[in-house]
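Shown below: target.tsv, with TSV, C-alpha atoms and all ligand atoms.
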```
chain	number	residue	atom	x	y	z
Q	1	MET	CA	17.58	39.80	-45.56
Q	2	PRO	CA	15.23	37.22	-47.15
Q	3	PRO	CA	12.52	35.77	-44.89
Q	4	VAL	CA	13.57	32.60	-43.13
Q	5	THR	CA	11.55	29.70	-44.48
Q	6	GLY	CA	11.70	25.96	-44.19
Q	7	ARG	CA	12.39	24.78	-40.68
Q	8	TYR	CA	10.88	27.86	-39.07
Q	9	ASP	CA	7.55	27.43	-40.89
Q	10	PHE	CA	6.07	25.17	-38.23
Q	11	LEU	CA	6.12	28.07	-35.82
Q	12	ASP	CA	3.41	29.74	-37.92
Q	13	TYR	CA	0.92	27.56	-36.07
Q	14	CYS	CA	1.55	29.21	-32.78
Q	15	SER	CA	2.31	32.73	-33.98
Q	16	ALA	CA	-0.22	35.50	-33.73
Q	17	PRO	CA	-1.55	35.91	-37.27
Q	18	GLN	CA	-0.38	39.47	-37.61
Q	19	ARG	CA	3.21	38.50	-36.78
Q	20	LYS	CA	5.44	37.01	-39.33
Q	21	VAL	CA	7.85	34.36	-38.12
Q	22	GLU	CA	10.88	35.85	-39.63
Q	23	MET	CA	14.20	36.55	-38.09
Q	24	ILE	CA	14.01	40.27	-38.79
Q	25	PRO	CA	15.97	42.57	-36.53
Q	26	LEU	CA	13.66	45.29	-35.11
Q	27	GLY	CA	16.22	47.97	-35.41
Q	28	ASN	CA	16.69	48.29	-31.66
Q	29	GLY	CA	18.79	45.15	-31.77
Q	30	SER	CA	15.89	42.85	-30.76
Q	31	MET	CA	14.52	40.08	-32.91
Q	32	ASP	CA	10.75	39.94	-33.49
Q	33	LEU	CA	10.11	36.64	-31.73
Q	34	THR	CA	6.65	35.50	-30.64
Q	35	HIS	CA	8.06	32.79	-28.43
Q	36	ARG	CA	11.02	33.17	-26.13
Q	37	PRO	CA	11.21	29.93	-24.13
Q	38	ARG	CA	14.00	31.46	-22.05
Q	39	ARG	CA	11.37	33.62	-20.25
Q	40	LEU	CA	10.53	30.50	-18.26
Q	41	ARG	CA	14.16	29.95	-17.30
Q	42	ARG	CA	14.96	33.48	-16.15
Q	43	ASN	CA	15.31	32.78	-12.47
Q	44	SER	CA	15.02	30.03	-9.94
Q	45	ALA	CA	11.45	30.91	-8.94
Q	46	ILE	CA	10.03	30.48	-12.45
Q	47	ARG	CA	12.19	27.44	-13.07
Q	48	ARG	CA	10.76	25.85	-9.94
Q	49	LEU	CA	7.20	26.60	-11.05
Q	50	VAL	CA	7.58	25.00	-14.46
Q	51	GLN	CA	9.66	22.03	-13.31
Q	52	GLU	CA	8.02	18.84	-14.58
Q	53	HIS	CA	9.76	16.10	-12.59
Q	54	ILE	CA	11.10	16.15	-9.07
Q	55	LEU	CA	13.45	13.65	-7.50
Q	56	SER	CA	12.74	13.09	-3.81
Q	57	VAL	CA	13.84	10.80	-1.04
Q	58	ASN	CA	10.44	9.11	-1.44
Q	59	ASP	CA	11.60	7.65	-4.75
Q	60	LEU	CA	14.54	5.70	-3.37
Q	61	ILE	CA	15.24	2.08	-2.49
Q	62	TYR	CA	18.72	1.33	-1.18
Q	63	PRO	CA	20.28	-2.06	-2.08
Q	64	LEU	CA	22.38	-3.56	0.74
Q	65	PHE	CA	24.72	-6.54	0.95
Q	66	VAL	CA	24.71	-8.69	4.07
Q	67	ARG	CA	27.28	-11.37	4.91
Q	68	GLU	CA	27.70	-14.07	7.55
Q	69	GLY	CA	29.88	-13.61	10.61
Q	70	GLY	CA	31.06	-10.57	12.54
Q	71	GLY	CA	33.86	-8.07	12.19
Q	72	GLU	CA	34.17	-5.02	10.01
Q	73	PRO	CA	32.15	-4.24	6.86
Q	74	VAL	CA	34.18	-5.42	3.85
Q	75	PRO	CA	34.54	-2.80	1.10
Q	76	ILE	CA	33.57	-3.78	-2.43
Q	77	ALA	CA	36.43	-2.65	-4.66
Q	78	SER	CA	34.41	-1.93	-7.80
Q	79	MET	CA	31.63	-0.20	-5.82
Q	80	PRO	CA	33.31	2.46	-3.66
Q	81	GLY	CA	31.07	3.36	-0.72
Q	82	CYS	CA	29.35	-0.06	-0.71
Q	83	PHE	CA	30.18	-2.82	1.75
Q	84	ARG	CA	29.37	-6.38	2.64
Q	85	TYR	CA	27.94	-5.82	6.10
Q	86	PRO	CA	27.90	-8.34	8.93
Q	87	LEU	CA	24.40	-8.33	10.43
Q	88	ASP	CA	25.18	-6.23	13.52
Q	89	ARG	CA	26.76	-3.49	11.38
Q	90	LEU	CA	23.99	-3.69	8.81
Q	91	LEU	CA	21.52	-2.84	11.56
Q	92	VAL	CA	23.40	0.37	12.35
Q	93	GLU	CA	23.28	1.29	8.67
Q	94	VAL	CA	19.59	0.43	8.42
Q	95	LYS	CA	18.76	2.75	11.30
Q	96	THR	CA	20.46	5.65	9.49
Q	97	ILE	CA	18.62	4.80	6.29
Q	98	ALA	CA	15.26	4.88	8.07
Q	99	GLU	CA	16.15	8.17	9.78
Q	100	LEU	CA	17.00	9.70	6.42
Q	101	GLY	CA	13.46	8.90	5.30
Q	102	ILE	CA	14.42	6.40	2.60
Q	103	PRO	CA	11.29	4.23	2.26
Q	104	GLY	CA	12.90	0.86	1.58
Q	105	ILE	CA	15.92	-1.37	1.17
Q	106	ALA	CA	16.67	-4.27	-1.18
Q	107	LEU	CA	18.56	-7.09	0.51
Q	108	PHE	CA	21.22	-9.24	-1.14
Q	109	PRO	CA	23.10	-11.96	0.73
Q	110	VAL	CA	26.74	-12.96	0.35
Q	111	ILE	CA	26.64	-16.72	0.86
Q	112	PRO	CA	29.86	-18.54	1.80
Q	113	GLU	CA	31.03	-21.10	-0.78
Q	114	HIS	CA	30.50	-24.06	1.59
Q	115	LYS	CA	26.80	-23.23	1.91
Q	116	LYS	CA	26.24	-23.18	-1.85
Q	117	ASP	CA	25.07	-26.28	-3.70
Q	118	ASP	CA	23.74	-27.07	-7.14
Q	119	GLN	CA	20.14	-26.85	-5.84
Q	120	GLY	CA	20.50	-23.51	-4.05
Q	121	SER	CA	18.91	-25.13	-0.99
Q	122	GLU	CA	20.26	-22.56	1.47
Q	123	SER	CA	17.87	-20.06	-0.17
Q	124	PHE	CA	14.83	-21.40	1.70
Q	125	ASN	CA	16.51	-22.28	5.00
Q	126	PRO	CA	14.24	-20.71	7.65
Q	127	ASP	CA	17.37	-19.81	9.62
Q	128	GLY	CA	19.31	-18.64	6.58
Q	129	LEU	CA	21.12	-15.32	6.40
Q	130	VAL	CA	18.34	-13.45	4.58
Q	131	GLN	CA	15.63	-14.81	6.86
Q	132	ARG	CA	17.58	-13.85	10.01
Q	133	THR	CA	18.35	-10.42	8.59
Q	134	ILE	CA	14.69	-9.71	7.78
Q	135	LYS	CA	13.66	-10.57	11.35
Q	136	ALA	CA	16.39	-8.43	12.89
Q	137	ILE	CA	15.55	-5.40	10.71
Q	138	LYS	CA	11.83	-5.72	11.32
Q	139	SER	CA	12.28	-5.75	15.09
Q	140	LEU	CA	14.49	-2.65	14.90
Q	141	VAL	CA	12.77	-0.48	12.26
Q	142	PRO	CA	9.40	-2.08	11.46
Q	143	ASP	CA	8.31	0.68	9.06
Q	144	LEU	CA	11.29	0.43	6.73
Q	145	LEU	CA	10.16	-1.61	3.72
Q	146	ILE	CA	12.20	-4.69	2.90
Q	147	PHE	CA	12.41	-5.99	-0.67
Q	148	THR	CA	14.04	-9.40	-0.78
Q	149	ASP	CA	15.64	-10.83	-3.89
Q	150	VAL	CA	14.14	-14.09	-5.11
Q	151	ALA	CA	16.74	-15.76	-7.33
Q	152	LEU	CA	19.12	-18.64	-6.84
Q	153	ASP	CA	22.41	-17.17	-8.06
Q	154	PRO	CA	23.81	-16.17	-4.64
Q	155	PHE	CA	23.10	-19.73	-3.45
Q	156	THR	CA	24.16	-21.98	-6.32
Q	157	SER	CA	27.66	-23.41	-6.65
Q	158	HIS	CA	27.55	-22.76	-10.42
Q	159	GLY	CA	26.35	-19.16	-10.05
Q	160	HIS	CA	23.32	-19.47	-12.33
Q	161	ASP	CA	19.86	-18.23	-11.37
Q	162	GLY	CA	18.32	-21.59	-12.16
Q	163	LEU	CA	18.84	-25.29	-11.57
Q	164	VAL	CA	21.04	-26.77	-14.27
Q	165	ASP	CA	20.70	-30.15	-15.99
Q	166	ASP	CA	23.63	-32.41	-16.95
Q	167	GLN	CA	23.93	-30.69	-20.30
Q	168	GLY	CA	24.21	-27.26	-18.76
Q	169	ARG	CA	20.67	-26.18	-19.61
Q	170	ILE	CA	18.88	-23.91	-17.15
Q	171	LEU	CA	15.68	-25.65	-16.01
Q	172	ASN	CA	12.64	-23.39	-15.76
Q	173	ASP	CA	9.81	-25.16	-13.93
Q	174	GLU	CA	12.08	-26.98	-11.47
Q	175	THR	CA	13.68	-23.63	-10.60
Q	176	VAL	CA	10.27	-22.04	-10.01
Q	177	ASP	CA	9.54	-24.74	-7.40
Q	178	VAL	CA	12.59	-23.58	-5.43
Q	179	LEU	CA	11.76	-19.88	-5.90
Q	180	VAL	CA	8.33	-20.50	-4.40
Q	181	LYS	CA	9.88	-22.05	-1.26
Q	182	MET	CA	12.34	-19.19	-1.03
Q	183	ALA	CA	9.62	-16.53	-1.33
Q	184	VAL	CA	7.40	-18.19	1.29
Q	185	SER	CA	10.33	-18.49	3.72
Q	186	GLN	CA	11.08	-14.77	3.27
Q	187	ALA	CA	7.41	-13.96	3.88
Q	188	GLN	CA	7.48	-16.09	7.04
Q	189	ALA	CA	10.49	-14.08	8.22
Q	190	GLY	CA	8.55	-10.85	7.67
Q	191	THR	CA	9.58	-9.36	4.33
Q	192	ASP	CA	7.29	-6.75	2.78
Q	193	PHE	CA	7.95	-7.46	-0.89
Q	194	VAL	CA	9.54	-10.38	-2.65
Q	195	ALA	CA	11.42	-9.41	-5.78
Q	196	PRO	CA	11.83	-12.25	-8.27
Q	197	SER	CA	14.85	-11.25	-10.35
Q	198	ASP	CA	15.76	-14.30	-12.40
Q	199	MET	CA	13.46	-14.09	-15.45
Q	200	MET	CA	12.18	-17.69	-15.17
Q	201	ASP	CA	8.79	-18.02	-16.88
Q	202	GLY	CA	5.73	-18.28	-14.66
Q	203	ARG	CA	7.49	-17.42	-11.42
Q	204	VAL	CA	5.32	-14.44	-10.49
Q	205	GLY	CA	2.09	-16.45	-10.69
Q	206	ALA	CA	3.52	-19.40	-8.81
Q	207	ILE	CA	4.88	-17.18	-6.05
Q	208	ARG	CA	1.61	-15.22	-5.77
Q	209	ALA	CA	-0.41	-18.43	-5.44
Q	210	ALA	CA	1.94	-19.87	-2.81
Q	211	LEU	CA	2.04	-16.67	-0.76
Q	212	ASP	CA	-1.76	-16.48	-0.79
Q	213	ALA	CA	-2.14	-20.15	0.11
Q	214	ALA	CA	0.19	-19.64	3.07
Q	215	GLY	CA	-1.80	-16.62	4.24
Q	216	TYR	CA	0.66	-13.93	3.11
Q	217	THR	CA	-1.81	-11.94	1.04
Q	218	GLU	CA	-0.22	-8.66	2.14
Q	219	VAL	CA	3.26	-9.52	0.93
Q	220	GLY	CA	3.76	-7.82	-2.43
Q	221	ILE	CA	5.66	-8.74	-5.57
Q	222	LEU	CA	8.13	-6.36	-7.19
Q	223	ALA	CA	8.75	-8.18	-10.46
Q	224	TYR	CA	12.01	-7.74	-12.34
Q	225	SER	CA	9.87	-7.90	-15.48
Q	226	ALA	CA	12.29	-6.59	-18.08
Q	227	LYS	CA	15.70	-7.65	-16.92
Q	228	TYR	CA	18.37	-7.64	-19.60
Q	229	ALA	CA	21.45	-9.83	-20.01
Q	230	SER	CA	23.71	-6.91	-19.22
Q	231	ALA	CA	27.41	-6.27	-18.71
Q	232	TYR	CA	26.36	-3.60	-16.20
Q	233	TYR	CA	25.95	-6.25	-13.47
Q	234	GLY	CA	29.70	-6.95	-13.27
Q	235	PRO	CA	30.48	-5.16	-9.98
Q	236	PHE	CA	27.42	-6.71	-8.27
Q	237	ARG	CA	28.65	-10.19	-9.17
Q	238	ASP	CA	32.03	-9.28	-7.64
Q	239	ALA	CA	30.21	-8.14	-4.51
Q	240	LEU	CA	28.39	-11.46	-4.12
Q	241	ASP	CA	31.00	-13.75	-5.71
Q	242	SER	CA	28.10	-14.89	-7.85
Q	243	ALA	CA	29.42	-14.70	-11.43
Q	244	PRO	CA	28.28	-17.78	-13.40
Q	245	LYS	CA	30.99	-20.44	-13.49
Q	246	PHE	CA	30.10	-21.41	-17.07
Q	247	GLY	CA	28.20	-19.83	-19.94
Q	248	ASP	CA	26.13	-16.68	-19.61
Q	249	LYS	CA	22.58	-15.71	-18.65
Q	250	LYS	CA	21.25	-15.15	-22.17
Q	251	THR	CA	18.78	-18.05	-22.10
Q	252	TYR	CA	16.82	-16.34	-19.34
Q	253	GLN	CA	17.72	-12.64	-19.23
Q	254	MET	CA	16.59	-10.48	-22.17
Q	255	ASP	CA	18.47	-9.40	-25.27
Q	256	PRO	CA	19.49	-5.72	-24.96
Q	257	ALA	CA	18.38	-5.28	-28.57
Q	258	ASN	CA	14.69	-5.80	-27.72
Q	259	SER	CA	12.00	-3.53	-26.33
Q	260	ARG	CA	8.67	-4.94	-27.55
Q	261	GLU	CA	9.64	-8.11	-25.71
Q	262	ALA	CA	9.84	-6.04	-22.52
Q	263	LEU	CA	6.16	-5.15	-22.92
Q	264	LYS	CA	5.31	-8.81	-23.37
Q	265	GLU	CA	7.17	-9.69	-20.16
Q	266	VAL	CA	5.43	-6.85	-18.34
Q	267	ASP	CA	2.01	-8.07	-19.54
Q	268	LEU	CA	2.75	-11.60	-18.34
Q	269	ASP	CA	3.88	-10.42	-14.91
Q	270	ILE	CA	0.79	-8.24	-14.54
Q	271	GLN	CA	-1.48	-11.15	-15.50
Q	272	GLN	CA	0.30	-13.25	-12.90
Q	273	GLY	CA	-0.16	-10.76	-10.08
Q	274	ALA	CA	2.83	-8.41	-9.97
Q	275	ASP	CA	2.27	-5.28	-7.85
Q	276	ILE	CA	5.19	-3.30	-9.27
Q	277	VAL	CA	7.08	-3.92	-12.51
Q	278	MET	CA	10.76	-3.15	-12.97
Q	279	VAL	CA	13.15	-2.37	-15.79
Q	280	LYS	CA	16.81	-3.24	-15.24
Q	281	PRO	CA	19.39	-1.79	-15.92
Q	282	ALA	CA	18.13	1.80	-16.06
Q	283	LEU	CA	20.56	4.17	-17.75
Q	284	ALA	CA	20.93	2.40	-21.10
Q	285	TYR	CA	17.25	1.41	-21.04
Q	286	MET	CA	15.45	4.73	-20.59
Q	287	ASP	CA	13.36	4.06	-23.70
Q	288	VAL	CA	12.16	0.82	-22.14
Q	289	ILE	CA	11.22	2.58	-18.90
Q	290	TYR	CA	9.32	5.14	-21.00
Q	291	GLN	CA	7.44	2.50	-22.95
Q	292	VAL	CA	6.62	0.40	-19.91
Q	293	LYS	CA	5.27	3.47	-18.10
Q	294	ARG	CA	2.90	4.17	-20.98
Q	295	HIS	CA	1.91	0.53	-21.21
Q	296	THR	CA	0.72	-0.07	-17.65
Q	297	ASN	CA	-0.99	1.65	-14.74
Q	298	LEU	CA	1.16	-0.25	-12.27
Q	299	PRO	CA	4.01	1.57	-10.55
Q	300	VAL	CA	7.26	1.24	-12.47
Q	301	ALA	CA	10.62	0.72	-10.79
Q	302	ALA	CA	14.05	1.19	-12.37
Q	303	TYR	CA	17.27	-0.38	-11.14
Q	304	ASN	CA	20.27	1.92	-11.39
Q	305	VAL	CA	22.65	-1.05	-11.32
Q	306	SER	CA	26.16	-1.64	-10.05
Q	307	GLY	CA	27.96	-0.93	-13.34
Q	308	GLU	CA	26.18	2.41	-13.68
Q	309	TYR	CA	27.25	3.25	-10.13
Q	310	ALA	CA	30.84	2.09	-10.69
Q	311	MET	CA	31.27	4.26	-13.80
Q	312	VAL	CA	30.13	7.39	-11.98
Q	313	LYS	CA	32.31	6.63	-8.94
Q	314	ALA	CA	35.40	5.96	-11.04
Q	315	ALA	CA	35.05	9.16	-13.03
Q	316	ALA	CA	34.30	11.16	-9.88
Q	317	GLN	CA	37.36	9.76	-8.10
Q	318	ASN	CA	39.46	10.93	-11.02
Q	319	GLY	CA	37.99	14.40	-10.72
Q	320	TRP	CA	36.55	14.11	-14.23
Q	321	ILE	CA	32.91	14.74	-13.30
Q	322	ASP	CA	30.95	16.35	-10.49
Q	323	GLU	CA	29.50	13.31	-8.71
Q	324	LYS	CA	26.60	15.03	-6.99
Q	325	LYS	CA	25.43	16.85	-10.11
Q	326	ILE	CA	25.81	13.80	-12.33
Q	327	VAL	CA	23.89	11.56	-9.94
Q	328	LEU	CA	21.03	14.01	-9.38
Q	329	GLU	CA	20.76	14.63	-13.12
Q	330	THR	CA	20.79	10.94	-13.96
Q	331	LEU	CA	18.20	9.93	-11.37
Q	332	THR	CA	15.94	12.85	-12.33
Q	333	ALA	CA	16.22	11.69	-15.94
Q	334	MET	CA	15.08	8.22	-14.84
Q	335	LYS	CA	12.02	9.80	-13.24
Q	336	ARG	CA	11.40	11.78	-16.44
Q	337	ALA	CA	11.56	8.55	-18.40
Q	338	GLY	CA	8.79	7.18	-16.17
Q	339	ALA	CA	10.29	5.53	-13.10
Q	340	ASP	CA	8.13	5.88	-9.99
Q	341	MET	CA	10.91	4.49	-7.82
Q	342	ILE	CA	14.61	3.83	-8.28
Q	343	LEU	CA	16.82	1.20	-6.72
Q	344	THR	CA	20.17	2.91	-6.40
Q	345	TYR	CA	23.44	2.54	-4.49
Q	346	HIS	CA	23.52	6.36	-4.44
Q	347	ALA	CA	20.36	6.47	-2.26
Q	348	VAL	CA	22.02	7.48	1.02
Q	349	ASP	CA	24.12	10.21	-0.64
Q	350	VAL	CA	21.09	11.46	-2.55
Q	351	ALA	CA	18.94	11.59	0.58
Q	352	ARG	CA	21.62	13.71	2.29
Q	353	TRP	CA	22.12	15.98	-0.74
Q	354	LEU	CA	18.38	16.59	-1.01
Q	355	GLN	CA	18.22	17.47	2.69
Q	356	ASP	CA	21.01	20.00	2.21
Q	357	SER	CA	19.44	21.67	-0.79
Q	401	LIG	C1	20.66	-11.70	-9.46
Q	401	LIG	C2	20.74	-10.23	-9.51
Q	401	LIG	C3	21.71	-9.49	-10.23
Q	401	LIG	C4	21.51	-8.17	-9.90
Q	401	LIG	C5	20.43	-8.10	-9.01
Q	401	LIG	N1	19.96	-9.40	-8.78
Q	401	LIG	C6	22.82	-9.93	-11.11
Q	401	LIG	C7	22.57	-10.85	-12.21
Q	401	LIG	O1	21.45	-11.02	-12.70
Q	401	LIG	O2	23.55	-11.45	-12.64
Q	401	LIG	C8	22.33	-7.04	-10.41
Q	401	LIG	C9	22.31	-5.78	-9.63
Q	401	LIG	C10	23.37	-4.83	-9.98
Q	401	LIG	O3	24.19	-5.03	-10.89
Q	401	LIG	O4	23.41	-3.79	-9.29
Q	401	LIG	N2	19.51	-12.35	-9.78
```
Give the structure from this file in structure tokens form.
Ligand code: PBG
Amino acid sequence: MPPVTGRYDFLDYCSAPQRKVEMIPLGNGSMDLTHRPRRLRRNSAIRRLVQEHILSVNDLIYPLFVREGGGEPVPIASMPGCFRYPLDRLLVEVKTIAELGIPGIALFPVIPEHKKDDQGSESFNPDGLVQRTIKAIKSLVPDLLIFTDVALDPFTSHGHDGLVDDQGRILNDETVDVLVKMAVSQAQAGTDFVAPSDMMDGRVGAIRAALDAAGYTEVGILAYSAKYASAYYGPFRDALDSAPKFGDKKTYQMDPANSREALKEVDLDIQQGADIVMVKPALAYMDVIYQVKRHTNLPVAAYNVSGEYAMVKAAAQNGWIDEKKIVLETLTAMKRAGADMILTYHAVDVARWLQDS
């Protein structure tokens, strides 16, 4: 048998000099291999020792939908296992979440049509749904972190994240003025982190300055720094009835084709005072998570969004995949890519699975 050359040559570097890297049978049926990576996979004990990334309950933030009124939680068809909770039922859920050890929740409100307007003015109502919900959660489970969304789309009659002019253009600076009021009203209600998610320019700096001026220096900013114009948000927009009534979000959310632009957005948010930067969606953007992690010393969050969740749930319901294994593998892969924390609708299931294992 001729010596194997070519693609095996690189192994010469790490071979003991007296050993030739050739695939020569030793006669006893064994190959003369210097390196057998499988030695480190032989059993669970060695696999645990060499494991590089570990998913834990400490990595999770659970997004929750709250609606006005009472009654039963309303299931969200495209997100099995997720509901629009009336406040009293949300509080029951929140207690369980805290008991499971999940560090935080992300709150999203379902606003009734009659409270929406073209200015999104319900967003900074001190007695609005989000503000009331923050207060109620904080008096029940003060240590559970609350991340509140700062964007106008749940509140605007047209469904866009920004104010719109008469030609249908999304106005940047005027929108930021409203976001600032919204963030301060959430801080007044007791939120821990505001999470600007709309990709308007300059919002992080404006919000930081306003929070500080109002005395809320301890309220943090989780910036949706690299948020893409993605089809993966479909089920979420069903959940909130917040799909844009005209056009799309491509003049503010990023082009999925770009990654250097993500680093620019991250730099801008850091300069403006972000505490945590986020990449969204997660699954199709692992390379962006990886690059952002190498680019900054800030913690990096990833949002495992509604469409990612819906795909897994649909396949699992058909019996085509093993839901638990797929979810744990996917979220671990997000950590490997560089996420320090993950917003995921799987959080409660994952917390339970990790307790069991
Ligand atoms: C709105 C917002 C969206 C999501 C979080 N905040 C939707 C959008 O930008 O249209 C999506 C979350 C998900 O899909 O799970 N600013």
Exercise for the section: Find the residues around Ser242 (chain Q) up to 12 Å (only C-alpha atoms counted), leave out those fewer than 5 positions away in its own chain, and share them as a VMD selection string. Expected result: chain Q and resid 108 to 113 116 151 to 161 233 to 237
(Q) Show me which residues line ligand LIG 401 (chain Q), defined as having an atom within 10 Å of a ligand atom where all atoms listed in the file count, and present them as a ChimeraX atom specification. (A) /Q:63,79,106-108,148-154,159-162,195-199,224,227-240,242-244,248-249,252-253,280-281,303-310,343-345
*Pick the closest to Arg67 (chain Q) from Q:Asp322, Q:Asp241, Q:Asp269, Q:Asp143: which is it, counting all atoms listed in the file?*
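Checking each of Q:Asp322, Q:Asp241, Q:Asp269, Q:Asp143 against Arg67 (chain Q), counting all atoms listed in the file, the winner is Q:Asp241.
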Computed gap from CA of Ala214 (chain Q) to CA of Pro299 (chain Q) is 25.5 Å
Could you write out as lines of an AutoDock Vina configuration file the box around region 99-118 of chain Q (axis-aligned, all atoms listed in the file, 6 Å on each side), with centre and edge lengths in Å to one decimal?
```
center_x = 21.2
center_y = -8.7
center_z = 1.3
size_x = 31.7
size_y = 48.8
size_z = 28.9
```
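Nearest residue to Ala274 (chain Q) among Q:Arg203, Q:Arg41, Q:Lys181, Q:Lys95 is Q:Arg203, counting all atoms listed in the file.
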| field | Shortest interatomic distance to Asp212 (chain Q) - which of Q:Val92, Q:Val279, Q:Val180, Q:Ala226, counting all atoms listed in the file | value |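 Smallest distance to Asp212 (chain Q) is found for Q:Val180.
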Surrounding residues of Ile321 (chain Q) excluding itself and chain neighbours under 6 positions, 12 Å, only C-alpha atoms, as a PDB file with C-alpha atoms, in the coordinates of the input:
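And here's selection22.pdb as it stands now:
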```pdb
ATOM      1  CA  MET Q 311      31.270   4.260 -13.800  1.00  0.00           C
ATOM      2  CA  VAL Q 312      30.130   7.390 -11.980  1.00  0.00           C
ATOM      3  CA  LYS Q 313      32.310   6.630  -8.940  1.00  0.00           C
ATOM      4  CA  ALA Q 314      35.400   5.960 -11.040  1.00  0.00           C
ATOM      5  CA  ALA Q 315      35.050   9.160 -13.030  1.00  0.00           C
ATOM      6  CA  VAL Q 327      23.890  11.560  -9.940  1.00  0.00           C
TER       7      VAL Q 327
END
```
**Prompt:** In Å, how far is it from CA of Ala223 (chain Q) to CA of Pro80 (chain Q)?
**Reply:**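 Going from CA of Ala223 (chain Q) over to CA of Pro80 (chain Q), I get 27.6 Å.
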Pairwise distance, CA of Asp192 (chain Q) with CA of Gln272 (chain Q), equals 18.4 Å
Q. From the set Q:Ser30, Q:Gln131, Q:Thr330, Q:Ser56, which residue has the shortest atom-to-atom contact distance to Ala187 (chain Q), counting all atoms listed in the file?
A.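 Between Q:Ser30, Q:Gln131, Q:Thr330, Q:Ser56, the residue approaching Ala187 (chain Q) most closely is Q:Gln131.
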What residues have an atom no more than 9 Å from (19.6, -4.3, 14.1) in the file's own frame, counting only C-alpha atoms, and can you write them as a list in words?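 Looking at atoms near the point gives Leu87, Asp88, Arg89, Leu90, Leu91, Val92, Glu93, Val94, Lys95, Thr133, Ala136, Ile137, Lys138, Ser139, Leu140 and Val141 of chain Q.
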Deliver the residues from the most recent selection as a file, using C-alpha atoms, as a JSON list (two decimals), in the frame of the given file.
```json
[["chain", "number", "residue", "atom", "x", "y", "z"],
["Q", 87, "LEU", "CA", 24.40, -8.33, 10.43],
["Q", 88, "ASP", "CA", 25.18, -6.23, 13.52],
["Q", 89, "ARG", "CA", 26.76, -3.49, 11.38],
["Q", 90, "LEU", "CA", 23.99, -3.69, 8.81],
["Q", 91, "LEU", "CA", 21.52, -2.84, 11.56],
["Q", 92, "VAL", "CA", 23.40, 0.37, 12.35],
["Q", 93, "GLU", "CA", 23.28, 1.29, 8.67],
["Q", 94, "VAL", "CA", 19.59, 0.43, 8.42],
["Q", 95, "LYS", "CA", 18.76, 2.75, 11.30],
["Q", 133, "THR", "CA", 18.35, -10.42, 8.59],
["Q", 136, "ALA", "CA", 16.39, -8.43, 12.89],
["Q", 137, "ILE", "CA", 15.55, -5.40, 10.71],
["Q", 138, "LYS", "CA", 11.83, -5.72, 11.32],
["Q", 139, "SER", "CA", 12.28, -5.75, 15.09],
["Q", 140, "LEU", "CA", 14.49, -2.65, 14.90],
["Q", 141, "VAL", "CA", 12.77, -0.48, 12.26]]
```
- Task: Compare Q:Ile221, Q:Gln317, Q:Asn43, Q:Gly202 by their minimum atom-to-atom distance to Ile146 (chain Q), counting all atoms listed in the file, and give me the closest one.
- Result: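 With all atoms listed in the file as the atom set, the closest residue is Q:Ile221.
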Top pick for closest residue to Val57 (chain Q), considering Q:Leu100, Q:Leu144, Q:Leu331, Q:Asp166 and counting all atoms listed in the file
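Closest to Val57 (chain Q) of all the choices is Q:Leu100.
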Write out as a PyMOL selection string which residues come within 9 Å of Glu72 (chain Q) when counting only C-alpha atoms, dropping same-chain ones fewer than 5 positions away. chain Q and resi 84-86+89
I'd like a table as JSON lines: residues in region 115-148 of chain Q with an atom no more than 12 Å from region 170-179 of chain Q, each row giving the shortest atom pair and its distance in Å to one decimal, only C-alpha atoms counted, sorted by chain and rising residue number.
```
{"residue": "Q:Asp118", "atom": "CA", "partner": "Q:Thr175", "partner_atom": "CA", "distance": 11.2}
{"residue": "Q:Gln119", "atom": "CA", "partner": "Q:Val178", "partner_atom": "CA", "distance": 8.2}
{"residue": "Q:Gly120", "atom": "CA", "partner": "Q:Val178", "partner_atom": "CA", "distance": 8.0}
{"residue": "Q:Ser121", "atom": "CA", "partner": "Q:Val178", "partner_atom": "CA", "distance": 7.9}
{"residue": "Q:Glu122", "atom": "CA", "partner": "Q:Val178", "partner_atom": "CA", "distance": 10.4}
{"residue": "Q:Ser123", "atom": "CA", "partner": "Q:Val178", "partner_atom": "CA", "distance": 8.2}
{"residue": "Q:Phe124", "atom": "CA", "partner": "Q:Val178", "partner_atom": "CA", "distance": 7.8}
{"residue": "Q:Asn125", "atom": "CA", "partner": "Q:Val178", "partner_atom": "CA", "distance": 11.2}
{"residue": "Q:Thr148", "atom": "CA", "partner": "Q:Leu179", "partner_atom": "CA", "distance": 11.9}
```
Prev. selection, C-alpha atoms, output as a short mmCIF file (atom, residue, chain, number, x, y, z; two decimals), in the frame of the given file:
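Saved result, result.cif, follows:
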```
data_model
loop_
_atom_site.label_atom_id
_atom_site.label_comp_id
_atom_site.auth_asym_id
_atom_site.auth_seq_id
_atom_site.Cartn_x
_atom_site.Cartn_y
_atom_site.Cartn_z
CA ASP Q 118 23.74 -27.07 -7.14
CA GLN Q 119 20.14 -26.85 -5.84
CA GLY Q 120 20.50 -23.51 -4.05
CA SER Q 121 18.91 -25.13 -0.99
CA GLU Q 122 20.26 -22.56 1.47
CA SER Q 123 17.87 -20.06 -0.17
CA PHE Q 124 14.83 -21.40 1.70
CA ASN Q 125 16.51 -22.28 5.00
CA THR Q 148 14.04 -9.40 -0.78
#
```
